[in-house]
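Peer 1: One file: model-v3.txt (compact mmCIF, C-alpha atoms).
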# COMPACT_ATOMS: atom_id res chain seq x y z
CA MET A 138 64.25 90.56 88.31
CA SER A 139 63.50 92.19 91.65
CA GLY A 140 65.13 89.21 93.31
CA TYR A 141 68.52 90.60 92.37
CA GLU A 142 68.00 94.00 93.89
CA ARG A 143 68.65 93.29 97.52
CA PRO A 144 71.89 91.35 97.09
CA MET A 145 73.11 93.87 94.54
CA THR A 146 72.95 96.73 97.00
CA GLU A 147 74.83 94.53 99.45
CA ARG A 148 77.45 93.92 96.84
CA LEU A 149 77.87 97.59 96.01
CA ASN A 150 78.64 98.30 99.64
CA LEU A 151 82.01 96.74 98.97
CA GLY A 152 83.21 100.09 97.68
CA ARG A 153 86.37 99.77 95.63
CA ILE A 154 85.24 96.54 94.01
CA ARG A 155 82.48 97.32 91.50
CA ASN A 156 82.54 94.46 89.04
CA PRO A 157 83.41 91.16 90.71
CA TRP A 158 83.14 87.94 88.69
CA VAL A 159 82.93 84.42 90.05
CA VAL A 160 84.80 81.85 87.96
CA VAL A 161 83.62 78.25 88.11
CA ALA A 162 85.46 75.46 86.30
CA ALA A 163 83.13 72.52 85.69
CA TYR A 164 83.67 69.13 84.14
CA ASN A 165 80.71 66.74 84.12
CA GLU A 166 79.00 68.44 87.06
CA ALA A 167 75.48 68.61 85.61
CA PRO A 168 73.79 67.21 88.77
CA VAL A 169 75.11 70.00 91.00
CA VAL A 170 76.29 72.94 88.91
CA GLY A 171 72.77 74.40 88.58
CA ASN A 172 72.40 74.84 92.32
CA VAL A 173 75.91 76.22 92.62
CA VAL A 174 75.30 78.83 89.92
CA SER A 175 71.89 79.90 91.19
CA GLY A 176 73.34 80.22 94.69
CA ILE A 177 76.03 82.58 93.42
CA ARG A 178 73.52 84.51 91.29
CA ARG A 179 71.19 84.89 94.28
CA ALA A 180 74.10 86.37 96.21
CA GLY A 181 74.30 88.98 93.45
CA TYR A 182 77.45 88.10 91.53
CA ALA A 183 78.18 87.69 87.86
CA VAL A 184 79.38 84.17 87.21
CA VAL A 185 81.21 82.57 84.32
CA VAL A 186 81.15 78.77 84.16
CA VAL A 187 83.87 77.20 82.07
CA ASP A 188 82.45 73.93 80.80
CA ASP A 189 85.64 71.95 80.30
CA GLY A 190 84.44 69.78 77.44
CA SER A 191 81.86 67.95 79.54
CA SER A 192 80.06 64.98 78.04
CA ASP A 193 76.92 65.69 80.08
CA ARG A 194 74.70 68.80 80.06
CA THR A 195 76.87 70.82 82.46
CA GLY A 196 77.00 73.84 80.14
CA ASP A 197 73.26 73.94 79.44
CA VAL A 198 72.39 73.55 83.12
CA ALA A 199 74.74 76.38 84.07
CA LEU A 200 73.34 78.61 81.32
CA LEU A 201 69.76 78.02 82.49
CA ALA A 202 70.80 78.81 86.05
CA GLY A 203 72.01 82.22 84.89
CA ALA A 204 75.72 81.86 84.24
CA VAL A 205 77.73 82.98 81.26
CA VAL A 206 79.04 79.72 79.84
CA VAL A 207 82.39 79.37 78.09
CA ARG A 208 82.78 75.92 76.55
CA HIS A 209 86.11 74.27 75.89
CA PRO A 210 85.72 72.21 72.72
CA VAL A 211 87.87 69.50 74.32
CA ASN A 212 88.62 68.56 77.91
CA LEU A 213 91.80 70.32 79.01
CA GLY A 214 91.75 70.10 82.80
CA GLN A 215 90.78 72.26 85.74
CA GLY A 216 93.82 74.53 85.58
CA ALA A 217 93.18 75.35 81.92
CA ALA A 218 89.49 75.94 82.63
CA LEU A 219 90.26 78.35 85.47
CA GLN A 220 92.66 80.30 83.29
CA THR A 221 90.00 80.52 80.56
CA GLY A 222 87.49 81.83 83.10
CA ILE A 223 90.02 84.36 84.39
CA ASP A 224 90.78 85.55 80.84
CA TYR A 225 87.07 85.89 80.08
CA ALA A 226 86.34 87.80 83.29
CA LEU A 227 89.24 90.17 82.65
CA GLU A 228 87.90 90.81 79.16
CA GLN A 229 84.58 91.75 80.81
CA ARG A 230 86.54 94.31 82.85
CA ALA A 231 86.22 92.45 86.10
CA ASP A 232 88.03 94.28 88.89
CA ALA A 233 87.92 91.27 91.21
CA LEU A 234 87.67 87.54 90.59
CA VAL A 235 86.64 84.68 92.81
CA THR A 236 87.37 81.07 91.91
CA PHE A 237 84.70 78.71 93.11
CA ASP A 238 84.34 74.92 92.85
CA ALA A 239 81.48 73.49 90.81
CA ASP A 240 80.81 70.47 93.00
CA GLY A 241 78.79 72.31 95.64
CA GLN A 242 81.26 72.12 98.51
CA HIS A 243 81.69 75.90 98.72
CA SER A 244 79.14 78.28 100.15
CA PRO A 245 78.30 81.52 98.28
CA VAL A 246 78.47 83.27 101.67
CA ALA A 247 82.26 82.93 101.50
CA ILE A 248 82.44 85.10 98.36
CA ALA A 249 81.66 88.30 100.26
CA ALA A 250 84.25 87.44 102.92
CA LEU A 251 86.92 86.79 100.28
CA LEU A 252 86.12 90.01 98.41
CA ALA A 253 86.20 91.96 101.65
CA ALA A 254 89.70 90.63 102.25
CA ILE A 255 91.03 92.07 98.96
CA GLU A 256 89.15 95.33 99.49
CA PRO A 257 92.02 97.14 101.25
CA PRO A 258 94.52 98.52 98.72
CA GLY A 259 97.73 96.51 98.57
CA ILE A 260 96.19 93.10 99.07
CA ASP A 261 95.68 91.32 95.77
CA PHE A 262 94.86 87.77 96.77
CA ALA A 263 92.57 86.21 99.33
CA LEU A 264 93.00 82.49 99.83
CA GLY A 265 90.33 80.39 101.46
CA SER A 266 91.52 78.18 104.28
CA ARG A 267 89.78 75.22 105.87
CA PHE A 268 92.12 75.23 108.83
CA LEU A 269 91.85 78.74 110.22
CA THR A 270 89.45 79.12 113.14
CA GLY A 271 85.82 78.77 112.33
CA ALA A 272 86.21 76.57 109.31
CA THR A 273 85.24 73.18 107.96
CA VAL A 274 83.07 70.43 109.24
CA ASN A 275 83.44 66.70 108.62
CA LEU A 276 86.81 66.69 106.89
CA PRO A 277 87.83 63.03 106.65
CA VAL A 278 91.11 61.98 108.30
CA SER A 279 92.65 60.65 105.07
CA ARG A 280 91.95 63.96 103.34
CA ARG A 281 93.45 65.83 106.28
CA ILE A 282 96.69 63.83 106.05
CA LEU A 283 96.92 64.34 102.27
CA LEU A 284 96.37 68.09 102.66
CA GLY A 285 98.98 68.18 105.40
CA ALA A 286 101.54 66.67 103.04
CA ALA A 287 100.60 69.16 100.30
CA LEU A 288 100.99 71.96 102.82
CA TRP A 289 104.46 70.85 103.77
CA PHE A 290 105.46 70.56 100.11
CA THR A 291 104.17 74.04 99.28
CA ARG A 292 105.77 75.69 102.27
CA ALA A 293 109.06 74.08 101.39
CA SER A 294 108.94 75.09 97.73
CA THR A 295 107.32 78.56 97.81
CA GLY A 296 108.05 79.81 101.30
CA LEU A 297 104.46 81.05 101.68
CA PRO A 298 103.26 80.67 105.28
CA LEU A 299 99.85 79.21 104.45
CA THR A 300 97.48 77.08 106.49
CA ASP A 301 95.71 75.55 103.48
CA THR A 302 97.28 75.20 100.06
CA HIS A 303 94.72 73.33 98.01
CA ASN A 304 91.56 75.31 98.45
CA GLY A 305 89.51 76.11 95.35
CA LEU A 306 88.08 79.24 96.96
CA ARG A 307 90.25 82.24 96.18
CA ALA A 308 89.71 85.87 95.37
CA MET A 309 92.03 88.13 93.45
CA THR A 310 92.07 91.67 92.16
CA ALA A 311 92.40 92.27 88.42
CA ARG A 312 96.06 93.12 89.05
CA GLY A 313 96.50 89.82 90.86
CA ALA A 314 94.72 87.94 88.09
CA ARG A 315 97.04 89.42 85.47
CA ALA A 316 100.02 88.18 87.45
CA ILE A 317 98.64 84.64 87.18
CA SER A 318 99.19 82.60 84.06
CA LEU A 319 98.30 78.96 84.60
CA ARG A 320 100.16 76.55 82.39
CA GLN A 321 99.48 73.47 84.46
CA ASN A 322 96.35 72.25 82.75
CA ARG A 323 95.59 69.53 85.22
CA MET A 324 95.38 69.56 89.00
CA ALA A 325 98.88 70.89 89.68
CA HIS A 326 97.53 74.41 89.05
CA ALA A 327 96.77 74.82 92.77
CA SER A 328 100.48 74.70 93.55
CA GLU A 329 101.24 76.74 90.43
CA ILE A 330 98.99 79.60 91.55
CA LEU A 331 100.81 79.73 94.88
CA HIS A 332 104.18 79.75 93.12
CA GLN A 333 103.08 82.63 90.93
CA ILE A 334 101.68 84.52 93.92
CA ALA A 335 105.03 84.10 95.63
CA GLN A 336 106.89 85.24 92.51
CA SER A 337 104.62 88.24 91.89
CA ARG A 338 105.47 89.55 95.38
CA LEU A 339 101.89 90.79 95.66
CA ARG A 340 100.33 90.53 99.10
CA PHE A 341 97.73 87.98 100.08
CA ALA A 342 95.44 87.28 103.00
CA GLU A 343 93.98 84.02 104.25
CA VAL A 344 90.27 83.84 104.96
CA PRO A 345 88.58 81.06 106.92
CA VAL A 346 86.03 79.28 104.73
CA ASN A 347 83.76 76.40 105.43
CA ILE A 348 83.79 73.43 103.10
CA GLU A 349 80.87 71.05 103.10
CA TYR A 350 82.10 67.60 102.26
CA SER A 351 79.27 65.65 100.71
CA ALA A 352 79.43 62.14 99.32
CA TYR A 353 79.33 63.73 95.87
CA SER A 354 82.25 66.10 96.38
CA LEU A 355 84.36 63.47 98.13
CA GLY A 356 83.83 61.10 95.22
CA LYS A 357 85.12 63.82 92.90
CA GLY A 358 88.02 64.92 95.10
CA GLN A 359 91.70 64.19 94.95
CA ARG A 360 93.20 60.92 96.09
CA ILE A 361 96.71 59.84 97.01
CA SER A 362 97.33 58.61 93.45
CA ASP A 363 96.31 62.04 92.11
CA ALA A 364 98.82 63.65 94.46
CA LEU A 365 101.55 61.58 92.86
CA ALA A 366 100.43 62.66 89.38
CA ILE A 367 100.49 66.30 90.54
CA LEU A 368 104.06 65.94 91.79
CA ILE A 369 105.12 64.47 88.45
CA ASP A 370 103.40 67.33 86.57
CA LEU A 371 105.15 69.94 88.70
CA PHE A 372 108.50 68.24 88.36
CA ALA A 373 108.15 67.91 84.58
CA ARG A 374 107.27 71.58 84.30
CA ARG A 375 110.45 72.56 86.12
CA LEU A 376 112.52 70.37 83.86
CA TYR A 377 111.20 72.05 80.74
CA ARG A 378 111.43 75.66 81.74
CA MET B 112 128.15 42.38 56.79
CA ILE B 113 124.32 42.28 56.68
CA ALA B 114 124.07 43.40 60.30
CA GLN B 115 126.55 46.18 59.68
CA LEU B 116 124.56 47.50 56.70
CA LEU B 117 121.33 47.30 58.64
CA LEU B 118 122.79 49.15 61.59
CA THR B 119 124.30 51.74 59.31
CA ALA B 120 120.92 52.35 57.74
CA LEU B 121 119.24 52.73 61.12
CA LEU B 122 121.95 55.01 62.44
CA ALA B 123 121.77 57.08 59.28
CA LEU B 124 118.07 57.59 59.98
CA VAL B 125 118.90 58.78 63.48
CA LEU B 126 121.46 61.13 61.99
CA VAL B 127 118.78 62.62 59.74
CA TYR B 128 116.50 62.99 62.73
CA ALA B 129 119.29 64.60 64.75
CA TRP B 130 119.90 67.04 61.92
CA SER B 131 116.24 68.08 61.86
CA ALA B 132 116.12 68.32 65.65
CA HIS B 133 119.23 70.48 65.60
CA ARG B 134 117.24 73.41 64.30
CA THR B 135 114.61 73.37 67.07
CA VAL B 136 116.51 71.94 70.04
CA PRO B 137 120.22 72.35 69.26
CA ILE B 138 121.52 70.52 72.33
CA ILE B 139 119.58 67.33 71.61
CA GLY B 140 120.48 67.43 67.93
CA LEU B 141 124.14 67.83 68.78
CA LEU B 142 124.21 65.01 71.35
CA ALA B 143 122.30 62.67 69.08
CA SER B 144 124.63 63.40 66.14
CA CYS B 145 127.74 62.75 68.22
CA ALA B 146 126.39 59.48 69.60
CA THR B 147 125.22 58.35 66.15
CA LEU B 148 128.55 59.14 64.50
CA ALA B 149 130.37 57.23 67.24
CA GLY B 150 127.95 54.35 66.68
CA LEU B 151 128.59 54.35 62.93
CA TYR B 152 132.34 54.32 63.49
CA PHE B 153 132.17 51.35 65.85
CA VAL B 154 129.83 49.39 63.57
CA TRP B 155 132.52 49.47 60.87
CA VAL B 156 135.58 49.25 63.15
CA PRO B 157 134.36 46.77 65.80
CA GLU B 158 137.92 46.18 67.08
CA HIS B 159 138.07 49.75 68.32
CA ALA B 160 134.67 49.28 69.89
CA THR B 161 135.88 46.20 71.71
CA ALA B 162 139.01 48.01 72.85
CA LEU B 163 137.01 50.97 74.08
CA ALA B 164 134.46 48.69 75.72
CA ALA B 165 137.23 46.86 77.55
CA PHE B 166 138.66 50.22 78.55
CA VAL B 167 135.39 51.46 80.13
CA GLY B 168 134.66 48.04 81.64
CA ILE B 169 132.13 46.50 79.25
CA GLY B 170 132.79 42.96 77.97
CA ARG B 171 132.10 43.30 74.24
CA GLY B 172 132.10 46.08 71.66
CA SER B 173 128.59 45.15 70.48
CA ASP B 174 127.30 45.68 74.02
CA LEU B 175 128.79 49.15 73.99
CA ILE B 176 127.02 49.96 70.73
CA LEU B 177 123.76 48.62 72.17
CA TYR B 178 124.13 50.97 75.13
CA ILE B 179 124.81 53.90 72.84
CA TRP B 180 121.65 53.03 70.91
CA VAL B 181 119.64 52.97 74.13
CA VAL B 182 120.98 56.40 75.07
CA ILE B 183 120.04 57.79 71.67
CA SER B 184 116.53 56.37 71.97
CA LEU B 185 116.11 57.99 75.35
CA LEU B 186 117.23 61.32 73.98
CA ILE B 187 114.72 61.06 71.18
CA MET B 188 111.98 60.21 73.64
CA LEU B 189 112.84 63.22 75.75
CA ASN B 190 112.72 65.42 72.69
CA LEU B 191 109.32 64.04 71.67
CA HIS B 192 108.01 64.57 75.16
CA LEU B 193 109.12 68.18 75.00
CA LYS B 194 107.38 68.64 71.68
CA LEU B 195 104.16 67.11 73.03
CA ARG B 196 104.18 69.56 75.91
CA VAL B 197 104.57 72.49 73.57
CA GLN B 198 101.73 71.18 71.43
CA LEU B 199 99.44 70.75 74.44
CA ASP B 200 100.20 74.34 75.34
CA MET B 201 99.23 75.45 71.85
CA ILE B 202 96.03 73.39 71.87
CA THR B 203 95.11 74.91 75.21
CA ARG B 204 95.54 78.43 73.95
CA LEU B 205 93.64 77.63 70.77
CA ALA B 206 90.74 76.00 72.63
CA ARG B 207 90.64 78.91 75.07
CA ALA B 208 90.45 81.48 72.28
CA VAL B 209 87.71 79.50 70.51
CA ALA B 210 85.74 79.05 73.73
CA ILE B 211 85.87 82.72 74.69
CA ASP B 212 84.96 83.88 71.18
CA HIS B 213 81.99 81.51 71.09
CA ALA B 214 80.79 82.74 74.47
CA LYS B 215 81.03 86.38 73.43
CA GLU B 216 79.22 85.65 70.18
CA SER B 217 76.34 83.77 71.78
CA ARG B 218 75.96 86.50 74.40
CA ARG B 219 75.74 89.10 71.67
CA GLU B 220 73.09 87.07 69.88
CA ALA B 221 71.08 86.42 73.03
CA GLY B 222 71.56 90.05 73.99
CA PRO B 223 68.65 92.35 73.12
CA PRO B 224 65.17 90.84 73.24
CA ARG B 225 63.55 94.26 73.89
CA LYS B 226 63.96 97.54 72.06
CA ARG B 227 64.77 99.67 75.05
CA ARG B 228 67.81 97.61 75.87
CA GLN B 229 68.99 97.52 72.33
CA VAL B 230 69.60 101.26 72.48
CA MET B 231 71.47 100.95 75.74
CA LEU B 232 73.55 98.04 74.48
CA GLY B 233 74.31 99.73 71.19
CA ARG B 234 75.75 102.73 72.92
CA LYS B 235 77.82 101.27 75.69
CA ALA B 236 77.75 97.51 75.58
CA ALA B 237 81.29 97.34 76.85
CA GLU B 238 80.64 99.50 79.88
CA ALA B 239 77.35 97.88 80.88
CA SER B 240 77.78 95.85 84.01
CA PRO B 241 77.72 92.11 83.23
CA ILE B 242 75.48 91.67 86.25
CA GLU B 243 72.85 93.86 84.65
CA LEU B 244 73.15 92.02 81.37
CA GLN B 245 72.82 88.68 83.08
CA ALA B 246 70.03 89.75 85.39
CA LYS B 247 67.87 90.83 82.49
CA LYS B 248 68.23 87.57 80.62
Reformat the file's structure so that it appears as structure tokens.
Peer 2:
Amino acid sequence: MSGYERPMTERLNLGRIRNPWVVVAAYNEAPVVGNVVSGIRRAGYAVVVVDDGSSDRTGDVALLAGAVVVRHPVNLGQGAALQTGIDYALEQRADALVTFDADGQHSPVAIAALLAAIEPPGIDFALGSRFLTGATVNLPVSRRILLGAALWFTRASTGLPLTDTHNGLRAMTARGARAISLRQNRMAHASEILHQIAQSRLRFAEVPVNIEYSAYSLGKGQRISDALAILIDLFARRLYR
Amino acid sequence: MIAQLLLTALLALVLVYAWSAHRTVPIIGLLASCATLAGLYFVWVPEHATALAAFVGIGRGSDLILYIWVVISLLIMLNLHLKLRVQLDMITRLARAVAIDHAKESRREAGPPRKRRQVMLGRKAAEASPIELQAKK
């Protein structure tokens, strides 16, 4: 128990933010989710893992590592899982939320930086960026090109001047979280969040974050074919609204 | 005559579908009804179909009816797609509610292993910081 004391005092130094929750959406991540959760717990944060109907022991591993686990009875997709985690955290009276990837490519150190960015009143979102100074090692060229295309698409459709549009590391205040309502269950939620941030007219800040690309996380990441599926999802959503 | 009866039966089915769709998605119901009624008319008065087909630049009246049928099918597909999306939305909300309720329940059950905490939890479970609750697990 005493292990939590030091990081907790660090966390309380944040001031306005008293009850931050880290939201992790996980689907079949049993090999890595334990380390991810214990890393976040060691840094002193409450964490809710949304087990998105995994067929492996993702939920059990996360629970043992100290997370609150919310299990989808069926697989619904990352966007749906994030929204579930956000809903749960808000019900627990979270005043700040951080979304964090389950595959181990994010560092818990970034959480404090993101929370610090939404500390000043008036800023409700902090978006992690791989491309601001001081960020990201070993990003493969193909991934860089794909992200560049996504960036162009997002700038054109939302008007947000971002440097990185598809980063799973984000922080938001409770007010920001309430302005978000993800209806894109699958991967198109990353663009959807940005659209809703733009529509909410709440202010955001970008924070440089480091992403560690491992063989594991690259194998799980998005490919060109996924990008096409995302575009179709987004387009379909606009047709039906 | 056999073909005409068969087509009439099929188109009548579409008409029924269009009528039921009219209540939920009026525009699709309306379009489908119009197209189906036109189809029925041309099945029984093929000369007019041929004349109209020639007028719009299609060789035969039967081709025109075929095209109308294709259009109706596409409209139905679009409507089904829309319904599927709505259903997925409902399933998502349902699964989310179930998942969150389960999580809250199991946390309540796993909650108080010691007496001292039971008192604290009983009084202000909602205000207790989730970090504290988790840390004591």
Peer 1: Would you compute the distance between atom CA of Ala221 of chain B and atom CA of Asp224 of chain A? Give it in Å to one decimal.
Peer 2: 21.2 Å
Peer 1: Give me the residues within 10 Å of segment 144-148 of chain B as a list in words, counting all atoms listed in the file and dropping any in the same chain fewer than 6 places off.
Peer 2: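 Neighbouring residues, sequence-local ones excluded: Thr119, Leu121, Leu122, Ala123, Leu124, Val125, Leu126, Val127, Tyr128, Ala129, Trp130, Ala132, His133, Ile138, Val154, Ile176, Ile179, Trp180, Val182 and Ile183 of chain B.
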Peer 1: Excluding segment 317-325 of chain A and its own-chain neighbours fewer than 2 positions away, which residues fall within 7 Å of it when counting all atoms listed in the file? Please give them as a VMD selection string.
Peer 2: chain A and resid 213 to 217 220 313 to 315 327 to 330 333 367 370 to 371
Peer 1: Filtering to C-alpha atoms, could you give me those residues as a PDB file, in the frame of the given file?
Peer 2:
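Result file result.pdb:
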ATOM      1  CA  LEU A 213      91.800  70.320  79.010  1.00  0.00           C
ATOM      2  CA  GLY A 214      91.750  70.100  82.800  1.00  0.00           C
ATOM      3  CA  GLN A 215      90.780  72.260  85.740  1.00  0.00           C
ATOM      4  CA  GLY A 216      93.820  74.530  85.580  1.00  0.00           C
ATOM      5  CA  ALA A 217      93.180  75.350  81.920  1.00  0.00           C
ATOM      6  CA  GLN A 220      92.660  80.300  83.290  1.00  0.00           C
ATOM      7  CA  GLY A 313      96.500  89.820  90.860  1.00  0.00           C
ATOM      8  CA  ALA A 314      94.720  87.940  88.090  1.00  0.00           C
ATOM      9  CA  ARG A 315      97.040  89.420  85.470  1.00  0.00           C
ATOM     10  CA  ALA A 327      96.770  74.820  92.770  1.00  0.00           C
ATOM     11  CA  SER A 328     100.480  74.700  93.550  1.00  0.00           C
ATOM     12  CA  GLU A 329     101.240  76.740  90.430  1.00  0.00           C
ATOM     13  CA  ILE A 330      98.990  79.600  91.550  1.00  0.00           C
ATOM     14  CA  GLN A 333     103.080  82.630  90.930  1.00  0.00           C
ATOM     15  CA  ILE A 367     100.490  66.300  90.540  1.00  0.00           C
ATOM     16  CA  ASP A 370     103.400  67.330  86.570  1.00  0.00           C
ATOM     17  CA  LEU A 371     105.150  69.940  88.700  1.00  0.00           C
TER      18      LEU A 371
END
Peer 1: Please provide the set of residues having any atom within 8 Å of Ala214 of chain B, restricted to all atoms listed in the file, with same-chain residues fewer than 2 positions apart removed, written as a CSV table (one decimal) with C-alpha atoms, keeping the file's coordinate frame.
Peer 2:
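Result written to selection.csv:
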chain,number,residue,atom,x,y,z
A,205,VAL,CA,77.7,83.0,81.3
A,206,VAL,CA,79.0,79.7,79.8
A,207,VAL,CA,82.4,79.4,78.1
A,208,ARG,CA,82.8,75.9,76.6
B,210,ALA,CA,85.7,79.0,73.7
B,211,ILE,CA,85.9,82.7,74.7
B,212,ASP,CA,85.0,83.9,71.2
B,216,GLU,CA,79.2,85.6,70.2
B,217,SER,CA,76.3,83.8,71.8
B,218,ARG,CA,76.0,86.5,74.4
Peer 1: For chain A, report every residue with an atom at most 10 Å from chain B (counting all atoms listed in the file), formatted as a ChimeraX atom specification.
Peer 2: /A:138-142,145,155-158,178,181-185,187-189,201,203-214,217-218,220-222,224-226,228-231,320-322,373-374,376-377
Peer 1: Would you please work out which residue, of A:Leu252, A:Asp240, A:Ser337, A:Ile177, is nearest to Gly152 of chain A when using all atoms listed in the file?
Peer 2: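 That would be A:Leu252, the residue with the smallest distance to Gly152 of chain A.
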Peer 1: Rounded to one decimal, what separation in Å do you get between atom CA of Ser131 of chain B and atom CA of Leu117 of chain B?
Peer 2: 21.6 Å
Peer 1: Around segment 175-184 of chain B, with edges along x, y and z and 3 Å added on all six sides, what centre and edge lengths do you get, in Å to one decimal, as JSON?
Peer 2:
{"center_x": 122.7, "center_y": 53.2, "center_z": 72.9, "size_x": 18.3, "size_y": 15.2, "size_z": 10.4}
Peer 1: Mind pulling up the distance from atom CA of Gly176 of chain A to atom CA of Pro245 of chain A?
Peer 2: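 Atom CA of Gly176 of chain A lies 6.3 Å from atom CA of Pro245 of chain A.
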Peer 1: Go through A:Gly190, A:Gly305, A:Gly241, A:Gly259 one by one, measure the shortest atom-to-atom distance of each to Pro168 of chain A using only C-alpha atoms, and give the residue with the smallest value.
Peer 2: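 Counting only C-alpha atoms, the residue closest to Pro168 of chain A is A:Gly241.
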Peer 1: Do you know which residues are at most 12 Å from segment 155-165 of chain B counting all atoms listed in the file, after dropping those on the same chain fewer than 2 positions away, and could you put them as a PyMOL selection string?
Peer 2: chain B and resi 112-119+148-153+167-179
